[in-house]
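Novice: Provided herewith: upload.txt, compact mmCIF, C-alpha atoms and all ligand atoms.
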```txt
# COMPACT_ATOMS: atom_id res chain seq x y z
CA MET A 1 -8.08 32.91 0.19
CA LYS A 2 -4.87 33.75 2.04
CA LEU A 3 -2.80 30.91 3.44
CA PRO A 4 -1.57 31.23 7.03
CA LYS A 5 1.98 30.55 5.82
CA ILE A 6 3.95 29.90 2.63
CA PRO A 7 5.00 27.25 1.75
CA TYR A 8 1.89 25.42 2.93
CA LEU A 9 1.51 21.66 2.92
CA ILE A 10 -1.81 19.78 2.84
CA ALA A 11 -1.72 15.98 3.08
CA ILE A 12 -4.85 13.98 2.27
CA ASP A 13 -5.23 10.24 2.73
CA GLY A 14 -8.13 7.89 2.22
CA PRO A 15 -9.28 4.70 0.51
CA ALA A 16 -9.93 4.23 -3.22
CA GLY A 17 -12.86 6.27 -4.48
CA SER A 18 -13.09 8.54 -1.42
CA GLY A 19 -12.74 11.53 -3.73
CA LYS A 20 -9.15 12.43 -2.77
CA GLY A 21 -7.97 12.93 -6.36
CA THR A 22 -10.74 15.29 -7.46
CA ILE A 23 -10.72 17.20 -4.18
CA ALA A 24 -6.94 17.54 -3.88
CA LYS A 25 -6.65 18.75 -7.49
CA LEU A 26 -9.35 21.40 -6.97
CA ILE A 27 -7.80 22.65 -3.74
CA SER A 28 -4.36 22.84 -5.33
CA LYS A 29 -5.80 25.00 -8.14
CA LYS A 30 -7.72 27.25 -5.75
CA LEU A 31 -4.67 27.85 -3.56
CA SER A 32 -2.03 27.83 -6.36
CA LEU A 33 -0.22 24.90 -4.77
CA ASN A 34 1.48 21.97 -6.49
CA TYR A 35 -0.42 18.70 -6.64
CA LEU A 36 0.87 15.19 -5.99
CA ASP A 37 -1.19 12.14 -6.94
CA SER A 38 1.04 9.60 -5.20
CA GLY A 39 -1.16 6.72 -6.37
CA ALA A 40 -0.23 7.62 -9.96
CA ILE A 41 3.43 6.88 -9.13
CA TYR A 42 2.50 3.36 -7.93
CA ARG A 43 0.33 2.97 -11.02
CA VAL A 44 3.12 3.96 -13.44
CA ILE A 45 5.46 1.44 -11.80
CA ALA A 46 2.71 -1.20 -11.92
CA PHE A 47 1.97 -0.51 -15.59
CA SER A 48 5.65 -0.64 -16.45
CA ALA A 49 6.10 -3.91 -14.51
CA ILE A 50 3.12 -5.49 -16.30
CA ILE A 51 4.47 -4.67 -19.77
CA ASN A 52 7.93 -5.90 -18.73
CA ASN A 53 6.51 -9.14 -17.30
CA ILE A 54 7.79 -8.46 -13.79
CA PRO A 55 5.64 -10.26 -11.19
CA SER A 56 4.36 -8.18 -8.25
CA ASP A 57 6.42 -10.13 -5.68
CA GLN A 58 9.82 -9.45 -7.35
CA VAL A 59 10.78 -6.52 -5.16
CA LEU A 60 14.39 -6.19 -6.40
CA LYS A 61 13.32 -6.14 -10.03
CA LEU A 62 10.61 -3.62 -9.20
CA THR A 63 12.97 -1.26 -7.37
CA SER A 64 15.53 -1.40 -10.17
CA LEU A 65 12.71 -0.77 -12.65
CA VAL A 66 12.00 2.51 -10.82
CA GLY A 67 15.57 3.65 -11.48
CA SER A 68 15.39 2.76 -15.16
CA ILE A 69 12.12 4.42 -16.18
CA ASN A 70 11.35 8.05 -16.85
CA MET A 71 7.99 9.09 -15.36
CA LYS A 72 6.61 12.56 -15.80
CA PHE A 73 3.47 14.32 -14.64
CA GLU A 74 2.48 17.14 -16.98
CA GLY A 75 -0.81 18.80 -16.09
CA GLU A 76 -3.45 16.08 -16.38
CA ASP A 77 -1.09 13.80 -18.29
CA VAL A 78 1.10 10.97 -17.06
CA LEU A 79 4.06 10.00 -19.23
CA LEU A 80 6.21 6.91 -19.17
CA ASN A 81 9.42 7.20 -21.20
CA ASN A 82 7.84 10.17 -23.00
CA LYS A 83 4.68 8.27 -24.02
CA VAL A 84 1.30 9.39 -22.66
CA ILE A 85 -0.21 6.61 -20.52
CA THR A 86 -2.77 8.68 -18.58
CA ASP A 87 -5.75 6.38 -19.17
CA LYS A 88 -3.75 3.15 -19.35
CA ILE A 89 -2.85 3.39 -15.63
CA ARG A 90 -6.51 3.62 -14.54
CA THR A 91 -7.63 0.12 -15.50
CA PRO A 92 -8.78 -2.43 -12.86
CA GLU A 93 -5.73 -4.58 -13.74
CA VAL A 94 -3.31 -1.72 -12.94
CA SER A 95 -5.31 -0.81 -9.80
CA LYS A 96 -4.92 -4.35 -8.47
CA PHE A 97 -1.26 -4.67 -9.44
CA SER A 98 -0.38 -1.26 -7.93
CA SER A 99 -1.77 -2.26 -4.54
CA GLU A 100 0.11 -5.58 -4.75
CA ILE A 101 3.46 -3.86 -5.34
CA ALA A 102 2.69 -1.18 -2.73
CA VAL A 103 3.21 -3.76 0.05
CA HIS A 104 7.02 -3.67 -0.44
CA SER A 105 8.73 -1.25 1.95
CA LYS A 106 11.89 -1.25 -0.21
CA LEU A 107 9.90 -0.02 -3.17
CA ARG A 108 8.11 2.58 -1.02
CA ASP A 109 11.47 3.88 0.23
CA GLU A 110 12.74 4.12 -3.34
CA ILE A 111 10.07 6.68 -4.26
CA LEU A 112 10.11 8.77 -1.07
CA ASN A 113 12.42 11.46 -2.47
CA LEU A 114 10.48 11.68 -5.71
CA GLN A 115 7.26 12.29 -3.75
CA ARG A 116 8.88 14.87 -1.46
CA SER A 117 10.31 16.74 -4.46
CA PHE A 118 6.76 17.90 -5.28
CA TYR A 119 6.85 20.12 -2.17
CA ARG A 120 8.24 23.34 -3.61
CA GLY A 121 7.16 26.88 -4.50
CA ASN A 122 4.04 27.95 -2.60
CA GLY A 123 3.60 24.42 -1.30
CA LEU A 124 1.69 21.25 -2.04
CA VAL A 125 -1.53 19.27 -1.82
CA ALA A 126 -0.50 15.61 -1.69
CA GLU A 127 -2.94 12.71 -1.73
CA GLY A 128 -2.58 8.96 -1.29
CA ARG A 129 -2.45 6.37 1.50
CA ASP A 130 0.58 7.44 3.57
CA MET A 131 0.86 11.17 2.90
CA THR A 132 -0.22 12.08 6.47
CA THR A 133 1.54 9.20 8.22
CA VAL A 134 4.88 8.72 6.44
CA VAL A 135 5.73 10.93 3.48
CA PHE A 136 4.66 14.31 4.89
CA VAL A 137 4.42 13.81 8.64
CA ASN A 138 4.99 17.54 9.20
CA ALA A 139 2.10 18.64 6.97
CA ASP A 140 0.35 21.85 8.03
CA LEU A 141 -3.04 20.24 7.52
CA LYS A 142 -3.86 16.52 7.50
CA VAL A 143 -7.17 15.24 6.19
CA TYR A 144 -8.59 11.71 6.06
CA LEU A 145 -11.33 11.42 3.42
CA ASP A 146 -13.70 8.52 3.71
CA ALA A 147 -16.90 7.18 2.14
CA SER A 148 -18.83 3.91 2.19
CA PRO A 149 -17.57 1.09 -0.10
CA HIS A 150 -20.87 1.28 -2.03
CA LYS A 151 -20.50 5.02 -2.72
CA ARG A 152 -16.83 4.64 -3.62
CA ALA A 153 -17.50 1.80 -6.07
CA ASN A 154 -20.24 3.87 -7.71
CA ARG A 155 -17.91 6.83 -8.16
CA ARG A 156 -15.19 4.66 -9.69
CA TYR A 157 -17.78 3.01 -11.94
CA LYS A 158 -18.92 6.38 -13.31
CA GLN A 159 -15.33 7.56 -13.86
CA LEU A 160 -14.35 4.38 -15.71
CA ILE A 161 -17.52 4.26 -17.84
CA LEU A 162 -17.01 7.91 -18.85
CA LYS A 163 -13.54 6.97 -20.06
CA GLY A 164 -15.01 4.19 -22.21
CA ASN A 165 -14.00 1.23 -20.02
CA ASN A 166 -16.19 -1.83 -19.90
CA VAL A 167 -16.61 -2.45 -16.16
CA ASN A 168 -19.07 -4.22 -13.93
CA ILE A 169 -20.23 -2.60 -10.67
CA GLN A 170 -20.17 -5.89 -8.68
CA GLU A 171 -16.62 -6.65 -9.82
CA LEU A 172 -15.55 -3.09 -9.01
CA THR A 173 -17.01 -3.32 -5.49
CA CYS A 174 -15.08 -6.57 -4.89
CA GLU A 175 -11.91 -5.04 -6.32
CA ILE A 176 -12.22 -1.96 -4.08
CA LYS A 177 -12.84 -4.11 -0.99
CA ALA A 178 -9.83 -6.32 -1.79
CA ARG A 179 -7.68 -3.21 -2.31
CA ASP A 180 -8.92 -1.68 1.00
CA LYS A 181 -7.94 -4.90 2.77
CA ARG A 182 -4.44 -4.98 1.24
CA ASP A 183 -3.88 -1.25 1.78
CA THR A 184 -4.99 -1.25 5.44
CA GLU A 185 -3.55 -4.61 6.52
CA ARG A 186 -0.06 -4.43 4.97
CA LYS A 187 2.95 -3.97 7.27
CA ALA A 188 4.59 -1.22 5.19
CA SER A 189 2.91 2.18 5.61
CA PRO A 190 -0.67 0.90 5.84
CA LEU A 191 -3.58 3.24 5.21
CA LYS A 192 -4.60 4.57 8.63
CA ILE A 193 -5.92 7.75 10.19
CA ALA A 194 -3.14 10.02 11.47
CA ASP A 195 -3.64 11.28 15.04
CA GLU A 196 -3.92 14.91 13.96
CA ALA A 197 -6.04 14.27 10.86
CA LYS A 198 -9.42 15.90 10.32
CA ILE A 199 -11.79 13.12 9.28
CA LEU A 200 -14.34 13.86 6.57
CA ASN A 201 -16.96 11.40 5.34
CA THR A 202 -17.96 12.41 1.82
CA ASP A 203 -20.99 10.10 1.42
CA ASP A 204 -23.46 12.98 1.60
CA LEU A 205 -21.20 15.81 0.48
CA THR A 206 -20.88 17.25 -3.00
CA ILE A 207 -17.41 17.93 -4.40
CA GLY A 208 -17.92 21.66 -3.73
CA GLN A 209 -19.02 21.08 -0.13
CA THR A 210 -16.00 18.85 0.53
CA VAL A 211 -13.60 21.44 -0.88
CA ASP A 212 -15.26 24.19 1.22
CA LYS A 213 -14.99 22.11 4.40
CA ILE A 214 -11.27 21.54 3.83
CA LEU A 215 -10.75 25.24 3.18
CA THR A 216 -12.40 26.01 6.52
CA PHE A 217 -9.92 23.64 8.22
CA ILE A 218 -7.11 25.87 6.94
CA ASN A 219 -8.61 28.82 8.77
O1 LIG B 1 -4.77 6.30 -5.14
P1 LIG B 1 -4.81 5.16 -6.14
O2 LIG B 1 -6.08 4.37 -6.05
O3 LIG B 1 -4.53 5.64 -7.52
O4 LIG B 1 -3.61 4.23 -5.71
C1 LIG B 1 -3.38 2.97 -6.31
C2 LIG B 1 -2.75 2.05 -5.28
O5 LIG B 1 -1.43 2.52 -4.97
C3 LIG B 1 -3.47 1.96 -3.95
O6 LIG B 1 -4.46 0.96 -3.91
C4 LIG B 1 -2.36 1.67 -2.97
O7 LIG B 1 -2.12 0.30 -2.84
C5 LIG B 1 -1.14 2.29 -3.60
N1 LIG B 1 -0.78 3.55 -2.95
C6 LIG B 1 -0.05 3.48 -1.78
N2 LIG B 1 0.38 4.62 -1.19
C7 LIG B 1 0.07 5.82 -1.69
C8 LIG B 1 -0.71 5.91 -2.87
C9 LIG B 1 -1.14 4.75 -3.47
O8 LIG B 1 0.23 2.40 -1.28
N3 LIG B 1 0.52 6.92 -1.10
```
Would you give me this structure, written as structure tokens?

Specialist:
Amino acid sequence: MKLPKIPYLIAIDGPAGSGKGTIAKLISKKLSLNYLDSGAIYRVIAFSAIINNIPSDQVLKLTSLVGSINMKFEGEDVLLNNKVITDKIRTPEVSKFSSEIAVHSKLRDEILNLQRSFYRGNGLVAEGRDMTTVVFVNADLKVYLDASPHKRANRRYKQLILKGNNVNIQELTCEIKARDKRDTERKASPLKIADEAKILNTDDLTIGQTVDKILTFIN
């Protein structure tokens, strides 16, 4: 498919488990665009803070931690100081901690340039909570992906079980609801629907159907 312009920028926001990660990755491959999983950046910082015993309310320590660590995204892999931590950042503990640290505007500002640096070459598909509203306000296409809490918890459950995690569906549903609340109610860059965003509920859509719908938005 031919893009209307190069570079092209697609920003996708939505709550946990809405399918943003899978969908954004597939679209980036189809269109030969870079891919930014902005949640992974919060997760690397959260993981690093946990192993360094930095509490989630210590914003100065957290921002200086960002300057002292080396995070890399290589294909499917996430590296912290050259060690692969891809699966370690997907645990419920890191999920919770990442949304706790994401409330700090100072920390969010600290990683703005890093996130924007992914927009290069042919362009980017960026996904997260504030891609459409803060980080890439001039995106060529803005999408808000949604799904019911029940569906989202089920998707996360399957992903985590496949990776060998021992999780409980009730606990996951509570964790997702608590994260939704923190992510939508915080003062700093809350998750919300951008005015120009195309809203897509993925409850009854397959991955392929969701990708196709987004590709039609480009046209
Ligand atoms: O997308 P993911 O679930 O991996 O993100 C983990 C957490 O990081 C979210 O719950 C949210 O609190 C935070 N986050 C954010 N802004 C983004 C991406 C993630 O606040 N752009």

Novice: Just the residues within 9 Å of segment 207-212 of chain A, please, counting all atoms listed in the file, with nothing from its chain fewer than 4 positions along; format it as a PDB file with C-alpha atoms, keeping the file's coordinate frame.

Specialist:
```
ATOM      1  CA  GLY A  19     -12.740  11.530  -3.730  1.00  0.00           C
ATOM      2  CA  THR A  22     -10.740  15.290  -7.460  1.00  0.00           C
ATOM      3  CA  ILE A  23     -10.720  17.200  -4.180  1.00  0.00           C
ATOM      4  CA  ALA A  24      -6.940  17.540  -3.880  1.00  0.00           C
ATOM      5  CA  LEU A  26      -9.350  21.400  -6.970  1.00  0.00           C
ATOM      6  CA  ILE A  27      -7.800  22.650  -3.740  1.00  0.00           C
ATOM      7  CA  LEU A 200     -14.340  13.860   6.570  1.00  0.00           C
ATOM      8  CA  ASN A 201     -16.960  11.400   5.340  1.00  0.00           C
ATOM      9  CA  THR A 202     -17.960  12.410   1.820  1.00  0.00           C
ATOM     10  CA  THR A 216     -12.400  26.010   6.520  1.00  0.00           C
ATOM     11  CA  PHE A 217      -9.920  23.640   8.220  1.00  0.00           C
TER      12      PHE A 217
END
```

Novice: Quick one: of A:Leu62, A:Leu172, A:Leu162, A:Val103, who's nearest to ligand LIG 1 (chain B), counting only C-alpha atoms and all ligand atoms?

Specialist: A:Val103

Novice: Counting only C-alpha atoms, give me one row per residue of segment 73-148 of chain A with an atom at most 8 Å from an atom of segment 6-13 of chain A, showing the shortest contact pair and its distance in Å to one decimal, sorted by chain then residue number, as JSON lines.

Specialist:
```
{"residue": "A:Tyr119", "atom": "CA", "partner": "A:Leu9", "partner_atom": "CA", "distance": 7.5}
{"residue": "A:Arg120", "atom": "CA", "partner": "A:Pro7", "partner_atom": "CA", "distance": 7.4}
{"residue": "A:Gly121", "atom": "CA", "partner": "A:Pro7", "partner_atom": "CA", "distance": 6.6}
{"residue": "A:Asn122", "atom": "CA", "partner": "A:Pro7", "partner_atom": "CA", "distance": 4.5}
{"residue": "A:Gly123", "atom": "CA", "partner": "A:Pro7", "partner_atom": "CA", "distance": 4.4}
{"residue": "A:Leu124", "atom": "CA", "partner": "A:Leu9", "partner_atom": "CA", "distance": 5.0}
{"residue": "A:Val125", "atom": "CA", "partner": "A:Ile10", "partner_atom": "CA", "distance": 4.7}
{"residue": "A:Ala126", "atom": "CA", "partner": "A:Ala11", "partner_atom": "CA", "distance": 4.9}
{"residue": "A:Glu127", "atom": "CA", "partner": "A:Ile12", "partner_atom": "CA", "distance": 4.6}
{"residue": "A:Gly128", "atom": "CA", "partner": "A:Asp13", "partner_atom": "CA", "distance": 5.0}
{"residue": "A:Arg129", "atom": "CA", "partner": "A:Asp13", "partner_atom": "CA", "distance": 4.9}
{"residue": "A:Asp130", "atom": "CA", "partner": "A:Asp13", "partner_atom": "CA", "distance": 6.5}
{"residue": "A:Met131", "atom": "CA", "partner": "A:Ala11", "partner_atom": "CA", "distance": 5.5}
{"residue": "A:Thr132", "atom": "CA", "partner": "A:Ala11", "partner_atom": "CA", "distance": 5.4}
{"residue": "A:Phe136", "atom": "CA", "partner": "A:Ala11", "partner_atom": "CA", "distance": 6.8}
{"residue": "A:Ala139", "atom": "CA", "partner": "A:Leu9", "partner_atom": "CA", "distance": 5.1}
{"residue": "A:Asp140", "atom": "CA", "partner": "A:Leu9", "partner_atom": "CA", "distance": 5.2}
{"residue": "A:Leu141", "atom": "CA", "partner": "A:Ile10", "partner_atom": "CA", "distance": 4.9}
{"residue": "A:Lys142", "atom": "CA", "partner": "A:Ala11", "partner_atom": "CA", "distance": 4.9}
{"residue": "A:Val143", "atom": "CA", "partner": "A:Ile12", "partner_atom": "CA", "distance": 4.7}
{"residue": "A:Tyr144", "atom": "CA", "partner": "A:Asp13", "partner_atom": "CA", "distance": 5.0}
{"residue": "A:Leu145", "atom": "CA", "partner": "A:Asp13", "partner_atom": "CA", "distance": 6.3}
```

Novice: Determine the nearest neighbour of Lys20 of chain A from the options A:Ala102, A:Ala49, A:Asp77, A:Arg152, counting only C-alpha atoms.

Specialist: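 Closest to Lys20 of chain A of all the choices is A:Arg152.
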
Novice: My list of candidates is A:Pro55, A:Gly75, A:Gly67, A:Gly14. Which is closest to ligand LIG 1 (chain B) when distances are computed with all atoms listed in the file?

Specialist: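 Among A:Pro55, A:Gly75, A:Gly67, A:Gly14, it is A:Gly14 that comes nearest to ligand LIG 1 (chain B).
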
Novice: Hey, which of A:Asp37, A:Glu185, A:Glu93, A:Asp203 ends up closest to Val78 of chain A? Count all atoms listed in the file.

Specialist: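 Nearest candidate to Val78 of chain A out of A:Asp37, A:Glu185, A:Glu93, A:Asp203: A:Asp37.
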
Novice: Name the residues in contact with Lys83 of chain A at a cut-off of 12 Å, using all atoms listed in the file, excluding same-chain residues fewer than 5 positions from it; report them as JSON, numbers by chain.

Specialist: {"A": [44, 48, 69, 70, 71, 72, 73, 74, 77, 78, 88]}

Novice: Quote the spacing between atom CA of Ala194 of chain A and atom CA of Ile214 of chain A in Å to one decimal place.

Specialist: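 Computed distance, atom CA of Ala194 of chain A to atom CA of Ile214 of chain A, equals 16.0 Å.
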
Novice: With a distance cut-off of 10 Å and only C-alpha atoms, select the neighbouring residues of segment 104-117 of chain A, excluding the residue or stretch itself and same-chain residues fewer than 2 positions from it, and output the selection as number ranges by chain.

Specialist: A: 36-38, 41-42, 45, 56-67, 99-102, 119-120, 124, 126, 131, 134-136, 186-189

Novice: Which one is closest to ligand LIG 1 (chain B): A:Ser98, A:Ser28, A:Asn138, A:Gln170? Count all atoms listed in the file.

Specialist: A:Ser98

Novice: Around all listed atoms of ligand LIG 1 (chain B), padded 8 Å per side, what centre and edge lengths does the axis-aligned box have in Å to one decimal, as lines of an AutoDock Vina configuration file?

Specialist:
```
center_x = -2.8
center_y = 3.6
center_z = -4.3
size_x = 22.6
size_y = 22.6
size_z = 22.4
```

Novice: Using all atoms listed in the file for the distances, tell me which of A:Leu80, A:Leu160, A:Ile176, A:Ile50 is nearest to ligand LIG 1 (chain B).

Specialist: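 Closest candidate: A:Ile176.
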
Novice: Got a sec to check which residues sit within 6 Å of (-1.7, 0.6, -10.8), counting all atoms listed in the file, and write them as a ChimeraX atom specification?

Specialist: /A:42-43,46,89,94-95,97-98

Novice: Could you check which residues have any atom within 12 Å of (-23.3, 2.1, -11.5), counting only C-alpha atoms with coordinates taken straight from the file, and then list them as JSON, numbers by chain?

Specialist: {"A": [150, 151, 152, 153, 154, 155, 156, 157, 158, 159, 160, 161, 162, 166, 167, 168, 169, 170, 171, 172, 173]}

Novice: Can you work out the spacing between atom CA of Ala40 of chain A and atom O3 of ligand LIG 1 (chain B) in Å, to one decimal?

Specialist: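 Separation between atom CA of Ala40 of chain A and atom O3 of ligand LIG 1 (chain B): 5.3 Å.
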
Novice: Figure out the distance between atom N1 of ligand LIG 1 (chain B) and atom CA of Glu76 of chain A, please, to one decimal in Å.

Specialist: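 That distance, rounded to one decimal, is 18.6 Å.
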